[in-house]
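Raw run.cif, mmCIF, C-alpha atoms:
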```
data_target
loop_
_atom_site.label_atom_id
_atom_site.label_comp_id
_atom_site.auth_asym_id
_atom_site.auth_seq_id
_atom_site.Cartn_x
_atom_site.Cartn_y
_atom_site.Cartn_z
CA ALA A 1 58.90 126.53 73.69
CA SER A 2 61.23 124.86 71.26
CA TRP A 3 61.63 121.15 70.76
CA ARG A 4 64.88 119.62 69.62
CA LEU A 5 64.98 117.26 66.68
CA ARG A 6 66.86 114.03 66.65
CA SER A 7 68.87 112.99 63.62
CA ARG A 8 66.91 110.83 61.21
CA GLY A 9 67.72 107.39 62.49
CA GLY A 10 64.70 106.15 64.41
CA ARG A 11 64.90 104.79 67.94
CA GLY A 12 68.63 104.14 67.90
CA SER A 13 69.50 107.86 67.71
CA SER A 14 70.48 109.81 70.79
CA THR A 15 68.36 112.70 72.01
CA GLY A 16 69.79 115.98 73.24
CA ARG A 17 68.64 117.27 76.58
CA GLY A 18 65.90 119.82 76.59
CA THR A 19 66.21 123.28 78.06
CA THR A 20 63.81 125.14 80.29
CA ALA A 21 61.32 127.28 78.42
CA GLY A 22 61.90 130.92 79.19
CA GLY A 23 59.27 132.32 81.51
CA GLY A 24 57.19 129.18 81.34
CA GLY A 25 59.01 126.99 83.79
CA GLY A 26 58.27 123.88 81.72
CA VAL A 27 60.91 121.49 80.48
CA VAL A 28 61.27 121.26 76.72
CA LYS A 29 61.18 117.70 75.47
CA GLY A 30 63.65 116.16 73.09
CA VAL A 31 62.06 115.39 69.73
CA ALA A 32 62.79 112.36 67.61
CA ALA A 33 62.49 112.70 63.86
CA ARG A 34 61.05 109.40 62.75
CA GLY A 35 62.71 107.51 59.96
CA PRO A 36 61.11 106.74 56.61
CA GLY A 37 59.91 103.37 57.84
CA SER A 38 57.97 104.74 60.77
CA ALA A 39 54.60 103.05 61.12
CA MET A 40 53.02 106.14 62.66
CA GLY A 41 54.16 108.41 59.86
CA ASP A 42 53.05 105.99 57.13
CA GLU A 43 49.64 105.40 58.71
CA ALA A 44 49.02 109.10 59.30
CA ALA A 45 49.86 110.40 55.84
CA GLY A 46 50.23 107.30 53.69
CA GLU A 47 52.24 107.95 50.55
CA GLN A 48 50.49 111.19 49.66
CA ALA A 49 53.43 113.45 50.48
CA PRO A 50 55.99 113.27 47.65
CA PRO A 51 59.33 111.99 49.08
CA ALA A 52 61.27 114.79 47.39
CA ARG A 53 59.08 117.43 49.01
CA LEU A 54 59.29 115.67 52.39
CA ASP A 55 63.08 115.57 52.25
CA GLU A 56 63.15 119.24 51.26
CA ALA A 57 60.84 120.14 54.15
CA LEU A 58 62.94 118.25 56.69
CA ALA A 59 66.14 119.76 55.29
CA ALA A 60 64.71 123.26 55.77
CA ALA A 61 63.67 122.35 59.33
CA ARG A 62 67.21 121.27 60.26
CA ASP A 63 69.21 123.97 58.49
CA PRO A 64 70.17 126.85 60.86
CA GLY A 65 69.93 129.35 57.99
CA ARG A 66 66.53 128.19 56.71
CA ALA A 67 63.09 127.51 58.13
CA LEU A 68 59.90 125.57 57.50
CA VAL A 69 56.62 127.27 58.42
CA LEU A 70 53.49 125.16 58.96
CA TYR A 71 50.39 127.37 59.14
CA ASP A 72 46.60 127.15 59.21
CA GLY A 73 45.54 127.56 55.58
CA LEU A 74 41.90 128.19 56.55
CA CYS A 75 42.69 131.14 58.82
CA ASN A 76 42.54 134.62 57.32
CA VAL A 77 45.03 136.03 59.83
CA CYS A 78 47.49 133.18 59.27
CA ASN A 79 47.31 133.58 55.50
CA ALA A 80 47.86 137.33 55.79
CA ALA A 81 50.89 136.72 58.03
CA VAL A 82 52.32 134.23 55.54
CA GLN A 83 51.91 136.67 52.65
CA PHE A 84 53.57 139.33 54.80
CA ALA A 85 56.52 137.02 55.45
CA VAL A 86 56.84 135.90 51.81
CA ARG A 87 57.55 139.48 50.75
CA ARG A 88 60.22 139.97 53.42
CA VAL A 89 62.33 136.81 53.54
CA PRO A 90 65.35 136.24 51.29
CA PRO A 91 64.57 133.95 48.32
CA GLY A 92 64.70 130.25 49.19
CA ARG A 93 65.38 130.83 52.87
CA VAL A 94 61.92 129.99 54.19
CA HIS A 95 59.44 127.40 52.91
CA PHE A 96 55.77 127.03 53.78
CA ALA A 97 53.09 124.34 53.92
CA SER A 98 49.53 124.50 55.23
CA LEU A 99 48.67 122.26 58.16
CA GLN A 100 45.78 120.91 56.06
CA SER A 101 48.21 119.33 53.58
CA SER A 102 49.30 115.70 53.70
CA LEU A 103 52.91 116.91 53.55
CA ALA A 104 52.48 118.91 56.77
CA GLN A 105 50.82 115.93 58.45
CA ARG A 106 53.77 113.75 57.46
CA VAL A 107 56.23 116.37 58.72
CA LEU A 108 54.41 116.59 62.07
CA ASP A 109 54.83 112.85 62.51
CA GLU A 110 58.46 112.88 61.37
CA LEU A 111 59.26 115.62 63.89
CA ASP A 112 56.93 114.25 66.57
CA ALA A 113 55.43 117.73 66.90
CA ARG A 114 51.74 117.10 66.34
CA GLU A 115 50.66 118.17 69.83
CA LEU A 116 52.39 121.53 69.34
CA ALA A 117 50.11 122.34 66.39
CA PHE A 118 47.00 120.60 67.75
CA ALA A 119 46.77 121.13 71.50
CA ASP A 120 43.29 119.59 71.52
CA ARG A 121 43.63 116.07 70.17
CA GLN A 122 39.87 115.87 69.62
CA SER A 123 39.87 118.87 67.27
CA ASP A 124 41.19 119.26 63.74
CA VAL A 125 41.52 123.05 64.20
CA PRO A 126 45.19 124.01 64.67
CA SER A 127 46.00 125.79 67.92
CA SER A 128 49.33 127.18 66.72
CA SER A 129 51.45 127.64 63.65
CA LEU A 130 54.92 126.07 63.77
CA VAL A 131 58.33 127.31 62.68
CA ALA A 132 61.04 124.66 62.42
CA CYS A 133 64.62 125.82 61.93
CA GLY A 134 68.08 124.84 63.06
CA GLY A 135 66.86 121.46 64.28
CA GLN A 136 64.23 122.86 66.64
CA VAL A 137 60.49 123.38 66.41
CA TYR A 138 58.98 126.61 67.73
CA HIS A 139 55.30 127.34 68.30
CA LYS A 140 53.07 130.20 69.44
CA THR A 141 54.90 133.54 69.79
CA GLN A 142 58.36 131.98 69.70
CA GLY A 143 57.65 130.78 66.19
CA SER A 144 56.88 134.36 65.16
CA VAL A 145 60.08 135.55 66.83
CA GLU A 146 62.24 133.05 64.95
CA LEU A 147 60.55 133.94 61.66
CA LEU A 148 61.14 137.66 62.24
CA LYS A 149 64.84 136.93 62.77
CA LEU A 150 65.04 135.46 59.27
CA MET A 151 63.48 138.47 57.56
CA THR A 152 65.25 141.40 55.99
CA GLY A 153 65.44 145.00 57.18
CA ALA A 154 64.62 145.90 60.76
CA TYR A 155 62.50 142.80 61.45
CA PRO A 156 65.30 140.78 63.11
CA THR A 157 65.66 143.63 65.61
CA LEU A 158 61.91 143.56 66.19
CA GLY A 159 62.17 139.83 66.78
CA ARG A 160 64.81 140.33 69.47
CA ILE A 161 62.66 142.98 71.16
CA VAL A 162 59.65 140.65 71.25
CA ASP A 163 61.90 137.84 72.47
CA ALA A 164 62.77 139.96 75.52
CA ILE A 165 59.12 139.94 76.65
CA PRO A 166 58.41 137.08 79.10
CA ARG A 167 57.21 134.12 77.08
CA ARG A 168 54.49 133.16 79.51
CA PHE A 169 52.81 136.54 79.09
CA ARG A 170 53.02 136.73 75.29
CA ASP A 171 51.96 133.11 74.84
CA ALA A 172 48.92 133.74 77.04
CA CYS A 173 47.98 136.63 74.75
CA TYR A 174 48.60 134.37 71.73
CA ASP A 175 46.24 131.71 73.11
CA VAL A 176 43.43 134.21 73.65
CA PHE A 177 43.86 135.59 70.13
CA ALA A 178 44.10 132.12 68.56
CA ARG A 179 40.85 130.99 70.18
CA ASN A 180 38.98 133.99 68.82
CA ARG A 181 40.69 134.49 65.43
CA PHE A 182 37.87 133.02 63.35
CA ARG A 183 35.20 134.99 65.21
CA LEU A 184 37.14 138.23 64.84
CA PHE A 185 38.66 137.89 61.37
CA GLY A 186 36.82 134.99 59.77
CA GLY A 187 38.16 132.08 57.77
CA SER A 188 37.60 130.12 54.59
CA GLU A 189 36.21 126.68 53.81
CA GLU A 190 39.21 125.74 51.65
CA VAL A 191 42.93 126.43 51.83
CA GLN A 192 43.52 129.87 50.40
CA ALA A 193 45.29 130.49 47.11
CA LEU A 194 49.07 130.79 46.89
CA PRO A 195 50.57 134.28 46.53
CA ALA A 196 51.27 134.93 42.85
CA GLY A 197 54.95 134.64 41.96
CA SER A 198 55.90 132.79 45.16
CA GLU A 199 54.45 129.34 44.47
CA GLU A 200 57.87 127.66 44.64
CA LEU A 201 58.15 128.54 48.34
CA PHE A 202 55.10 126.39 49.18
CA LEU A 203 56.07 122.73 49.40
CA ASP A 204 52.43 121.58 49.31
CA ARG A 205 51.78 123.30 45.97
CA ASP A 206 51.46 119.99 44.10
CA GLU A 207 48.66 118.61 46.27
CA GLY A 208 45.90 120.66 44.64
CA ILE A 209 44.40 121.76 47.95
CA HIS A 210 44.86 125.50 47.43
CA ALA A 211 41.95 127.46 46.05
CA CYS A 212 42.20 128.94 42.58
CA PRO A 213 43.08 132.63 42.63
CA MET A 214 40.05 134.86 42.43
CA PRO A 215 39.90 136.77 39.13
CA LYS A 216 40.56 140.44 39.53
CA ARG A 217 37.50 142.58 39.02
CA ARG A 218 37.84 145.22 36.39
CA LYS A 219 37.22 148.67 37.70
CA THR A 220 34.59 150.46 35.71
CA LYS A 221 35.51 154.01 34.90
CA LYS A 222 33.02 156.51 36.13
CA SER A 223 31.78 158.87 33.52
CA SER A 224 33.08 162.40 33.94
CA LYS A 225 29.96 163.85 32.32
CA PRO A 226 27.61 165.38 34.84
CA LYS A 227 24.26 163.72 35.10
CA ALA A 228 21.43 165.70 33.63
CA ARG A 229 19.10 166.96 36.26
CA ALA A 230 15.41 166.99 35.66
CA SER A 231 14.17 170.51 35.52
CA VAL A 232 11.18 171.35 37.59
CA LYS A 233 8.87 173.82 36.06
CA ALA A 234 7.32 176.29 38.38
CA ASP A 235 3.57 176.39 38.32
#
```
What is this structure when it is put down as structure tokens?
Amino acid sequence: ASWRLRSRGGRGSSTGRGTTAGGGGGVVKGVAARGPGSAMGDEAAGEQAPPARLDEALAAARDPGRALVLYDGLCNVCNAAVQFAVRRVPPGRVHFASLQSSLAQRVLDELDARELAFADRQSDVPSSSLVACGGQVYHKTQGSVELLKLMTGAYPTLGRIVDAIPRRFRDACYDVFARNRFRLFGGSEEVQALPAGSEELFLDRDEGIHACPMPKRRKTKKSSKPKARASVKAD
């Protein structure tokens, strides 16, 4: 389901009416983007998120031609999906931030979308990645669909094909996979390193939470000389 964002003006702004989520039957709520003086946003993330980065993140979330992706930086599958997307989106069109960053926490409060990423309020393990674009926030499979539509090549067509599948069915599959992703594919104890050459796409790059890249192991050349075999003398 997608949630609509309200213009950055606090409580005095008007909220657009939500639409019915396809296949789910639930009503999509209107979302208010909290202003810079919001007590909830300040208490949740303090002043850790640089204002310039926060403004850039919110601008990407509201621009119809851009997107902001908030993902689980401790999840191997999520990191692989992000690296897949980085290689296939036009430069500067999509920006990323891990949900473990203070910037992402501030963005969640600004967009009032925390419960979309953390369905269980008692857990700090994200239940879904988020894709915010065009003033709306998408989660679960719809987030993947919207991200595919921003990629190059045949991926937008793939996104439209997936979008035709009933959302209730694909989101149910997403939930089962998300609950078992660490057991099946593992995870890491710290936010994984940024893809080399694409650091500028990650708005949380200045927070120092990403692991240092692992040094590449040098491949040792195998000797082409055949090993001498010990000769066995016959008695």
Where does the PyMOL selection byres ((chain A and resi 78-89) around 6) land in this file, that is, which residues does it pick, as a compact mmCIF listing (two decimals) with C-alpha atoms, in the coordinates of the input?
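Once written, result31.txt looks like this:
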```txt
# COMPACT_ATOMS: atom_id res chain seq x y z
CA CYS A 75 42.69 131.14 58.82
CA ASN A 76 42.54 134.62 57.32
CA VAL A 77 45.03 136.03 59.83
CA PRO A 90 65.35 136.24 51.29
CA MET A 151 63.48 138.47 57.56
CA THR A 152 65.25 141.40 55.99
```
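On the file presented, the PyMOL selection byres ((chain A and resi 184-189) around 6) picks out Leu74, Cys75, Asn76, Arg181, Phe182, Arg183 and Glu190 of chain A.
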Enumerate, in order of chain and increasing residue number, the residues of range 92-187 of chain A with an atom no farther than 7 Å from range 58-64 of chain A, each with its shortest atom pair and distance in Å to one decimal, counting only C-alpha atoms, as CSV.
```
residue,atom,partner,partner_atom,distance
A:Ala132,CA,A:Ala61,CA,4.7
A:Cys133,CA,A:Ala61,CA,4.4
A:Gly134,CA,A:Pro64,CA,3.6
A:Gly135,CA,A:Arg62,CA,4.0
```
Evaluated on this file, the PyMOL selection byres ((chain A and resi 161-174) around 8) picks out some residues - which ones are they, written as a ChimeraX atom specification?
/A:22-24,140-142,145,157-160,175-178
Pairwise distance, CA of Glu56 in chain A with CA of Leu68 in chain A, equals 9.5 Å
Considering only C-alpha atoms, state which residue in the set A:Leu147, A:Ala211, A:Val191, A:Val131 is at the smallest distance from Gln100 in chain A.
A:Val191
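Comparing A:Arg121, A:Arg53, A:Lys149, A:Arg179 by their smallest distance to Arg66 in chain A, the closest is A:Lys149 (using all atoms listed in the file).
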Closest of A:Gly143, A:Pro91, A:Ala52, A:Val69 to Ser198 in chain A, counting only C-alpha atoms, is A:Pro91
Atom-to-atom span, CA of Pro195 in chain A and CA of Leu99 in chain A, Å
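Computing the Euclidean distance for CA of Pro195 in chain A and CA of Leu99 in chain A yields 16.8 Å.
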Completed range 140-153 of chain A (N, CA, C and O atoms) as a short mmCIF file (atom, residue, chain, number, x, y, z; two decimals), keeping the file's coordinate frame:
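This went into out_13.cif:
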```cif
data_model
loop_
_atom_site.label_atom_id
_atom_site.label_comp_id
_atom_site.auth_asym_id
_atom_site.auth_seq_id
_atom_site.Cartn_x
_atom_site.Cartn_y
_atom_site.Cartn_z
N LYS A 140 53.64 128.99 68.85
CA LYS A 140 53.07 130.20 69.44
C LYS A 140 53.95 131.41 69.12
O LYS A 140 54.44 131.56 68.01
N THR A 141 54.18 132.30 70.10
CA THR A 141 54.90 133.54 69.79
C THR A 141 56.36 133.30 69.46
O THR A 141 56.97 134.08 68.73
N GLN A 142 56.95 132.22 69.98
CA GLN A 142 58.36 131.98 69.70
C GLN A 142 58.56 131.64 68.23
O GLN A 142 59.60 131.95 67.66
N GLY A 143 57.57 131.02 67.62
CA GLY A 143 57.65 130.78 66.19
C GLY A 143 57.69 132.08 65.41
O GLY A 143 58.47 132.22 64.45
N SER A 144 56.87 133.04 65.81
CA SER A 144 56.88 134.36 65.16
C SER A 144 58.22 135.05 65.35
O SER A 144 58.74 135.69 64.43
N VAL A 145 58.78 134.93 66.54
CA VAL A 145 60.08 135.55 66.83
C VAL A 145 61.17 134.99 65.91
O VAL A 145 61.95 135.73 65.31
N GLU A 146 61.21 133.67 65.78
CA GLU A 146 62.24 133.05 64.95
C GLU A 146 62.06 133.40 63.48
O GLU A 146 63.03 133.56 62.75
N LEU A 147 60.81 133.56 63.05
CA LEU A 147 60.55 133.94 61.66
C LEU A 147 60.98 135.39 61.42
O LEU A 147 61.56 135.70 60.37
N LEU A 148 60.72 136.27 62.37
CA LEU A 148 61.14 137.66 62.24
C LEU A 148 62.66 137.75 62.12
O LEU A 148 63.19 138.59 61.37
N LYS A 149 63.37 136.90 62.81
CA LYS A 149 64.84 136.93 62.77
C LYS A 149 65.40 136.55 61.41
O LYS A 149 66.55 136.85 61.10
N LEU A 150 64.59 135.88 60.59
CA LEU A 150 65.04 135.46 59.27
C LEU A 150 64.67 136.46 58.18
O LEU A 150 65.06 136.30 57.03
N MET A 151 63.91 137.48 58.55
CA MET A 151 63.48 138.47 57.56
C MET A 151 64.57 139.51 57.31
O MET A 151 65.59 139.56 58.00
N THR A 152 64.32 140.34 56.32
CA THR A 152 65.25 141.40 55.99
C THR A 152 64.88 142.69 56.71
O THR A 152 63.83 142.78 57.34
N GLY A 153 65.73 143.69 56.61
CA GLY A 153 65.44 145.00 57.18
C GLY A 153 65.53 145.00 58.69
O GLY A 153 66.40 144.37 59.30
#
```
